There are 4 protein chains.
Amino acid sequence: MSDKAWGGRFGSGPDQVLDAFSRSLPLDVRLLPYDLAGSAAHVAMLLRQGILPSQDGERILEGLLALSRQAEEGPLPLGEADEDVHLAVERLLTERIGEAALRMHAGRSRNDQVAVDLRLYVRALAHDTMDGLTRVMAALLSRAEAAFAAGILLPGYTHLQRAQPILLAHHLLAHWEALDRDRDRLADLARRANRSPLGAAALAGSSLPLDPKYTAQLLGFDDVCANSLDAVADRDFLAEFLSFAALTGIHLSRLAEEGILWTTAEFAFAELEDWAAFGSSLMPQKKNPEAFEHVRGRSGRLVCLWAGFMTTLKGLPLAYDSDLQESHYALYAAVDTLLPMLAATEKLLLALRFARVRMREAAADPLLLATDLADDLVRAGVPFRTAHRQVGELVGEAVRRGVPLSSLDPDTVAAHAPSLPLRRLSELSPEAAVAARLGPGGTAPERVRQALEAAQLRLAPPPLPPRPPSVAEVLQTRMALVRASR
Amino acid sequence: MSDKAWGGRFGSGPDQVLDAFSRSLPLDVRLLPYDLAGSAAHVAMLLRQGILPSQDGERILEGLLALSRQAEEGPLPLGEADEDVHLAVERLLTERIGEAALRMHAGRSRNDQVAVDLRLYVRALAHDTMDGLTRVMAALLSRAEAAFAAGILLPGYTHLQRAQPILLAHHLLAHWEALDRDRDRLADLARRANRSPLGAAALAGSSLPLDPKYTAQLLGFDDVCANSLDAVADRDFLAEFLSFAALTGIHLSRLAEEGILWTTAEFAFAELEDWAAFGSSLMPQKKNPEAFEHVRGRSGRLVCLWAGFMTTLKGLPLAYDSDLQESHYALYAAVDTLLPMLAATEKLLLALRFARVRMREAAADPLLLATDLADDLVRAGVPFRTAHRQVGELVGEAVRRGVPLSSLDPDTVAAHAPSLPLRRLSELSPEAAVAARLGPGGTAPERVRQALEAAQLRLAPPPLPPRPPSVAEVLQTRMALVRASR
Amino acid sequence: MSDKAWGGRFGSGPDQVLDAFSRSLPLDVRLLPYDLAGSAAHVAMLLRQGILPSQDGERILEGLLALSRQAEEGPLPLGEADEDVHLAVERLLTERIGEAALRMHAGRSRNDQVAVDLRLYVRALAHDTMDGLTRVMAALLSRAEAAFAAGILLPGYTHLQRAQPILLAHHLLAHWEALDRDRDRLADLARRANRSPLGAAALAGSSLPLDPKYTAQLLGFDDVCANSLDAVADRDFLAEFLSFAALTGIHLSRLAEEGILWTTAEFAFAELEDWAAFGSSLMPQKKNPEAFEHVRGRSGRLVCLWAGFMTTLKGLPLAYDSDLQESHYALYAAVDTLLPMLAATEKLLLALRFARVRMREAAADPLLLATDLADDLVRAGVPFRTAHRQVGELVGEAVRRGVPLSSLDPDTVAAHAPSLPLRRLSELSPEAAVAARLGPGGTAPERVRQALEAAQLRLAPPPLPPRPPSVAEVLQTRMALVRASR
Amino acid sequence: MSDKAWGGRFGSGPDQVLDAFSRSLPLDVRLLPYDLAGSAAHVAMLLRQGILPSQDGERILEGLLALSRQAEEGPLPLGEADEDVHLAVERLLTERIGEAALRMHAGRSRNDQVAVDLRLYVRALAHDTMDGLTRVMAALLSRAEAAFAAGILLPGYTHLQRAQPILLAHHLLAHWEALDRDRDRLADLARRANRSPLGAAALAGSSLPLDPKYTAQLLGFDDVCANSLDAVADRDFLAEFLSFAALTGIHLSRLAEEGILWTTAEFAFAELEDWAAFGSSLMPQKKNPEAFEHVRGRSGRLVCLWAGFMTTLKGLPLAYDSDLQESHYALYAAVDTLLPMLAATEKLLLALRFARVRMREAAADPLLLATDLADDLVRAGVPFRTAHRQVGELVGEAVRRGVPLSSLDPDTVAAHAPSLPLRRLSELSPEAAVAARLGPGGTAPERVRQALEAAQLRLAPPPLPPRPPSVAEVLQTRMALVRASR
């Protein structure tokens, strides 16, 4: 007969190859603290409902608390024979407290158990990720504030061609906005994820008189899943986390791309501090922005994790299928990719030395002020499309002659753009162009100052559900509820 | 010289191959109504700010209104020479009202213009998709209500193995919950998307005294984008729509998979009405659930669209790059895939004739009641894990002997599970098992009745930003604001 | 009763929504020429096997030939009532030749028919794509030859940091090699795809005495599929084409990225001819490399098509499932993306004006010669790692002092790298560095000359299976076989 | 100053967070044996070319041999301070043999070094994967032979609806064919990958007089990469391996899907041996095909790895970028997913007990013989489309009356299908239907017997490049070449 916990009906235990292939322990071991807490809440509920004998129940709770404390000090002794984290906990508990442990799983299946573990873990991750995002945003903001104070200008680009002068602070805040949306998405998904599947058992609920709302309360969930099949079949919260993570990764990759471009010899807009760059094993002169490249490169990994998980979910019939074990793989890989990307990006932002003179030089190319000339013509009553063409022709002349736009002679200017006040060409400056962009969201210093102030106020992250409780915290809540109910 | 609207500085127009390659018109033509409305709002603002001569401005508005009405009656005459929808509108307007049209583009770039068009379009799609989702949910609910009234039972499955009896209504409601989360995500993303990028111009804002908040108001946006670079570089709202669409597609694929399984000869849980099935060109007997297969198969397309769009976004420097033209491709392909999938799923749900007798037969296999026996043992004081093993051994005996679990002789039962009340085996019924699952979210009839009632109340979709206005509606709002300000 | 061709057993035809949802005609219409040719081969075989009455068979062949000729002149009248291209052809043929047409489908199913159509289409695409690839390679080669003749140098990059001087011709040939591998992959997949599935019928073969080898011969296939289930279930040839297309797209995206970088104001290594660049609707000075950006951006679409198709295939049971209709979507979208990307890349390569002086200037930075100094030290007997450190220290000194590496004073040099011959620093030149890299595959002029010559010889594409035959060609082969067998 | 091997020019070593973020050692440690062998070949070449002093060179070779032997016995002492496997080897060698080790890296960069390591690793994996595939194919073939000997029939399916009877052996061979194509693809990619990048150095080749062809020969490569930039930038061989792996995964997922379906209570075509199934923690009766589900589910992971890697490659400029570090992640994850999937599938195939009676019962449904009736009518001269309709009407009658097709009364038959010989209906049998499908690739026993014989002959895998050599083997080849040259 099989010596598996579920082996009653089986003539033999599983083949070694298939057993190793199907084990989830190497994947789900990091659910351990959530499994312990979830089990504590479940057992507390079983006790309250009279399903467990009081003495056995309390022993289990003590055992779980002890395991929880032991786990905080070092890895628990898990081994090849443990199929998954749930059965490993049951085994450890049995070794510690004996037969009473065999009562713990009443009214529960690994299907609802793994779902509750994953949801608690996602709650923990939501906090870690929110912190990471906020730290990157704080770094962006501090660099933007300093750049603003220093009055650093650079060209804004479209199609990677210089377009118009902007403030560096304004540019950095653009990335800030993208990350702020990521935080908003994270808060949304954490809220949506915060429902307890416990009580769904295998898929249909239990014939024992469970009280899932009580368990949910002990674990800090907002509510109970409304449908037991959905409770065990649903991995939307992971899919959402993965798509959030991928989009955040894409935002970081766009920032990294600029870090790479700006530190080239050709742009030379910034240099990395020596402590943030890497050398070549062959070429003694090299100073490579490798960490930026890793940020950019690993964003591909994040994209793939979502896509792969969707592929896995496609066409799965209700309720639980083992294909869902891929949940672990995708989630852990995503977290292990994203959190270091956030930490590295924060460091990299602080390691950039901006080349103020070089940036201004690039922004001062008179070609970048062509739009301002066209706007002047509009103010002089010329239809915009006509103004655009007139200035375009001036640009064409300047390029063909190989002279700066501002050096064109008055006759040429008058021939192409008769309404253009002549002194305008000589008055062109990137500072003036920047100052003129006064609309909401524009790059004028006044606006950017407001934006920086607003960003300071907006830096505090949106609220999340609480971090998942430890076993000790579950037991404290239990006591508090008892007291409150008296 | 180039005869492109932007061709002033160019010695020649683009090569034919490259021009065709770069044209977005075939893709973005469906933005036309939003482009017209966005232009109307922009021009109304230019007028209000005194940037346009009053007469020219009003002529443009009349022209846009006329074009809008013309477009409602049939496709506007767009052609090979039109590079994109924005320049096509400018051309058509010029042909209609003459030189005044050349003033329309003041203070605007195609960069903020396409962003506003896309955001308006996503608002329209949010409504269409919400409707489609709600219709599928209504179909699920009506089928669930009827199945509940008819008392239809079937086996619930895990690992596609029969697990425990459940109500068909309960099963259908599991899918309902998944789609309801999709609606919630859709509402979240529509809210987050509802900011106006107009005023960002190319990337830096404009030197003309624009009033972007007014434009936003005319178009029904909640606010203005906070940063002009971000306003033109941001496609998060599309990425979110695509991941929403893919996850919805995955939910539909899971439903479709069950439609396919249930209509096999082997399951025979349902039959499709003749009007919902398809035949074979070779085999006269075939009745194929092709539409279900298309739903399942096309979910792959939706997954790919998100992943491809992320790939395209990866590593793009700020602010606007032409790679973002892929926005159109991905969004339109997603919509053209998802909306028909929703419509087909609604029809398919209504076309299923459930085979009540066959379903109950399958659910009545005594093996499915093994958990209830284990729960009985728990109630009799046996630790759950021991109870599981005892019942597992009984199952093993029954399987080896090839008899139903309920037919095992008393001695065998007593030998393996001494605490099991003997009459229990004969009392087993799927109806009793279902009725016992009384916890919140469980499959007991009482609970399912409550769930059906709750679903009726929850059927109304969550609120969305308004549908995007037509030109006429923009002008009405303009008038209303004038009146209100008096 | 249903009036569908397969409608005998159905009480009613399909619902309009589901019918439209399931129709493949809009997708598979481009299979028409292959469907006609495949049908001609099938009917010729039926005739030869005596399964069709001779007169009817010949009428069908005449009808197919006529339809084929008509289709060459303009689109055939296909309509909403046509479910797919196969039934459309049957309808058109029936309208043209009457009842005899009803005999055409004997021994065939749409399952093997669509498979043969797709395989013929892939053969056609293999030729088109091979041509497109070869043209891009020819353009690369001609630019490389000219660059070689002009002796253009530029910095080679790693991590987008200048690394060592190389010949521009050498750089361009690196892209050439990648595309040559693409051609090799294409030839492999075309060979593997070239088996005929006809004869597999629905999935099991036919009870009529078909001769699939004869059909295969008429259509230019190398052989018949070895297993009838696999013949209708297999879409590996599409998956391979899609992964080939995506990797080719990635190669083009890497080339495009460099086109974008090189035409920035910062690199200024190249300028696009006016006819290959695009302007801005707002900024009169802009000259944007949009076509390069589209090449880069659309590579994401190609990646997604493979991934989506894989998602669709995942978990499909044998033999044919309607999910496979996604084959059409993925294949056509891939082709419509890739072929224009190839054509545009060819044009863009010809449109680049390289800035020889600027490139050499960048390559002449003495820092790029640091490796050569280390190699000198190795030649002088210094262990490489020590040599690397010594030169690294010299670089550090030069950077800190803000002077070129070549201007360091003798004392400093001697202090850090005592074995370095002093005159070496003044002899450094990019030309000398390039000339020294004489190993196979290296950038020395002698080697690059050989590589250019080899590339000319290797420019002819690898062999492919023949282009798919037209109906007329099928009939000619039939005649030839008759003659040959006499 | 930095104490990194490349740290000469750096004022300080990297920040701890960024250093940990950028380290590849945890990823690339499994390249160790290939790095040692590649280094041995490189040093043997340096010696032969007189670039290294003879004594130092031989000491390095001895040191590498010793490290190689040490590594075979247990993990080498690698630590946090080791940035990557290449520098770790250099450190270990230096600790073992002293200063001589500092000469090893002459004429080499980590860029060509990692490329050669990866290519050698892919060669090793090609062998492992080929073995795994061949073992699955052998298992399929042995099950097919036994099923053939036992004459097992089952319904062939299209759209998961019963279509026509087939032999189980024929069905199993369909999967065999798909895997055989995978082997063909694997051989193609292994051949294409088998070129040595050594000698490319950083990207431009070396100024030292290297002999890359000699190194290639020592390592068993077919040739040297033709272009040094391409040599370090190219990861096509990984992309190809990943797409091969994903498609193989998809094939396994299709097989697994059938394993899952066939072992349901509804199909009941097969049962898993107890040693290949898994139980439920809650439901004592469950016997779940979890390993099949894992095979199906993990195919999603494989799809994602290719897509993610493509995303990472997109838009990378030449030559080497650190983004390519993702190569390791993708490749190792793919291998660690695919090889166990192959091993598990082999076991699962051997664990299926086919339910012969139940399968035949399902295949004997007279509806499955409808096509044969239509073929009979064709033989009687009825046009196929008419025959299809007539038989379809008979099917409709039978379904409406709820009787088997074979029990329809003569009058009904004559009314709908006047040409159908009446005794045909009673003669229908699945065995006869199978036997009639005699065309190449068909399911007739005669054909399947041939196919089984052919499969035995085709079971030997296609040839691959040799497994990568160990250090000892490199040195043996060196000796052999010396001898041969005398």
# chains A, B, ... in the order shown; residues from 1 in each chain; ligands from 1
call {"tool": "interface_residues", "arguments": {"of": "chain D", "to": "chain A", "cutoff": "6 Å", "atoms": "only C-alpha atoms", "output": "ChimeraX atom specification"}}
result
/D:6,10,12-15,18,22,109,274-276,279-282,290-291,293-294,297,300-301,304,307-308,311-312,322-323,344
call {"tool": "residues_around", "arguments": {"residues": "A:Met359", "least_positions_apart": "3", "cutoff": "6 Å", "atoms": "only C-alpha atoms", "output": "MDAnalysis selection string"}}
result
chainID A and resid 154 269 356 362
call {"tool": "select_by_dssp", "arguments": {"residues": "stretch 92-328 of chain C", "states": "strand (DSSP E)", "output": "list of chain:residue names"}}
result
C:Leu153, C:Leu154, C:Pro155, C:Gly156, C:Tyr157, C:Thr158, C:Gln161, C:Arg162, C:Ala163, C:Gln164, C:Pro165, C:Ile166, C:Leu167, C:Arg195, C:Ser196, C:Asp223, C:Val224, C:Ala270, C:Glu271, C:Leu272
call {"tool": "write_last_selection", "arguments": {"atoms": "C-alpha atoms", "output": "PDB file, in the first residue's frame"}}
result
ATOM      1  CA  LEU C 153      36.035  52.482 -40.054  1.00  0.00           C
ATOM      2  CA  LEU C 154      33.808  52.813 -37.036  1.00  0.00           C
ATOM      3  CA  PRO C 155      33.910  51.747 -33.416  1.00  0.00           C
ATOM      4  CA  GLY C 156      32.685  48.277 -32.691  1.00  0.00           C
ATOM      5  CA  TYR C 157      30.482  48.310 -29.597  1.00  0.00           C
ATOM      6  CA  THR C 158      29.804  46.074 -26.703  1.00  0.00           C
ATOM      7  CA  GLN C 161      30.136  51.383 -25.296  1.00  0.00           C
ATOM      8  CA  ARG C 162      32.877  51.858 -27.837  1.00  0.00           C
ATOM      9  CA  ALA C 163      35.079  48.797 -27.750  1.00  0.00           C
ATOM     10  CA  GLN C 164      37.488  48.450 -30.673  1.00  0.00           C
ATOM     11  CA  PRO C 165      37.746  49.864 -34.193  1.00  0.00           C
ATOM     12  CA  ILE C 166      36.285  47.728 -36.946  1.00  0.00           C
ATOM     13  CA  LEU C 167      35.533  48.046 -40.613  1.00  0.00           C
ATOM     14  CA  ARG C 195       4.803  15.984 -47.563  1.00  0.00           C
ATOM     15  CA  SER C 196       1.290  15.506 -48.822  1.00  0.00           C
ATOM     16  CA  ASP C 223       6.381  12.143 -50.151  1.00  0.00           C
ATOM     17  CA  VAL C 224       3.116  11.289 -48.432  1.00  0.00           C
ATOM     18  CA  ALA C 270      24.545  58.059 -40.976  1.00  0.00           C
ATOM     19  CA  GLU C 271      21.765  60.080 -42.446  1.00  0.00           C
ATOM     20  CA  LEU C 272      18.705  58.807 -44.204  1.00  0.00           C
TER      21      LEU C 272
END
call {"tool": "residues_around", "arguments": {"residues": "C:Pro197", "least_positions_apart": "4", "cutoff": "7 Å", "atoms": "only C-alpha atoms", "output": "list of chain:residue names"}}
result
C:Asp112, C:Ala115, C:Val116, C:Val224, C:Cys225, C:Ala231, C:Val232
call {"tool": "atom_distance", "arguments": {"atom1": "atom CA of D:Leu189", "atom2": "atom CA of D:Glu240"}}
result
6.4 Å
call {"tool": "select_by_dssp", "arguments": {"residues": "stretch 153-182 of chain C", "states": "helix (DSSP H, G or I)", "output": "PyMOL selection string"}}
result
chain C and resi 168-182
call {"tool": "write_last_selection", "arguments": {"atoms": "C-alpha atoms", "output": "short mmCIF file (atom, residue, chain, number, x, y, z; two decimals), in the first residue's frame"}}
result
data_model
loop_
_atom_site.label_atom_id
_atom_site.label_comp_id
_atom_site.auth_asym_id
_atom_site.auth_seq_id
_atom_site.Cartn_x
_atom_site.Cartn_y
_atom_site.Cartn_z
CA LEU C 168 32.00 49.08 -41.45
CA ALA C 169 31.98 46.29 -44.04
CA HIS C 170 32.73 43.82 -41.27
CA HIS C 171 29.88 45.17 -39.17
CA LEU C 172 27.41 44.92 -42.04
CA LEU C 173 28.49 41.36 -42.76
CA ALA C 174 27.63 40.37 -39.20
CA HIS C 175 23.99 41.08 -40.01
CA TRP C 176 24.43 39.23 -43.28
CA GLU C 177 25.47 36.09 -41.42
CA ALA C 178 22.38 36.19 -39.22
CA LEU C 179 20.11 36.44 -42.24
CA ASP C 180 21.96 33.64 -43.94
CA ARG C 181 21.15 31.40 -41.01
CA ASP C 182 17.53 32.43 -41.43
#
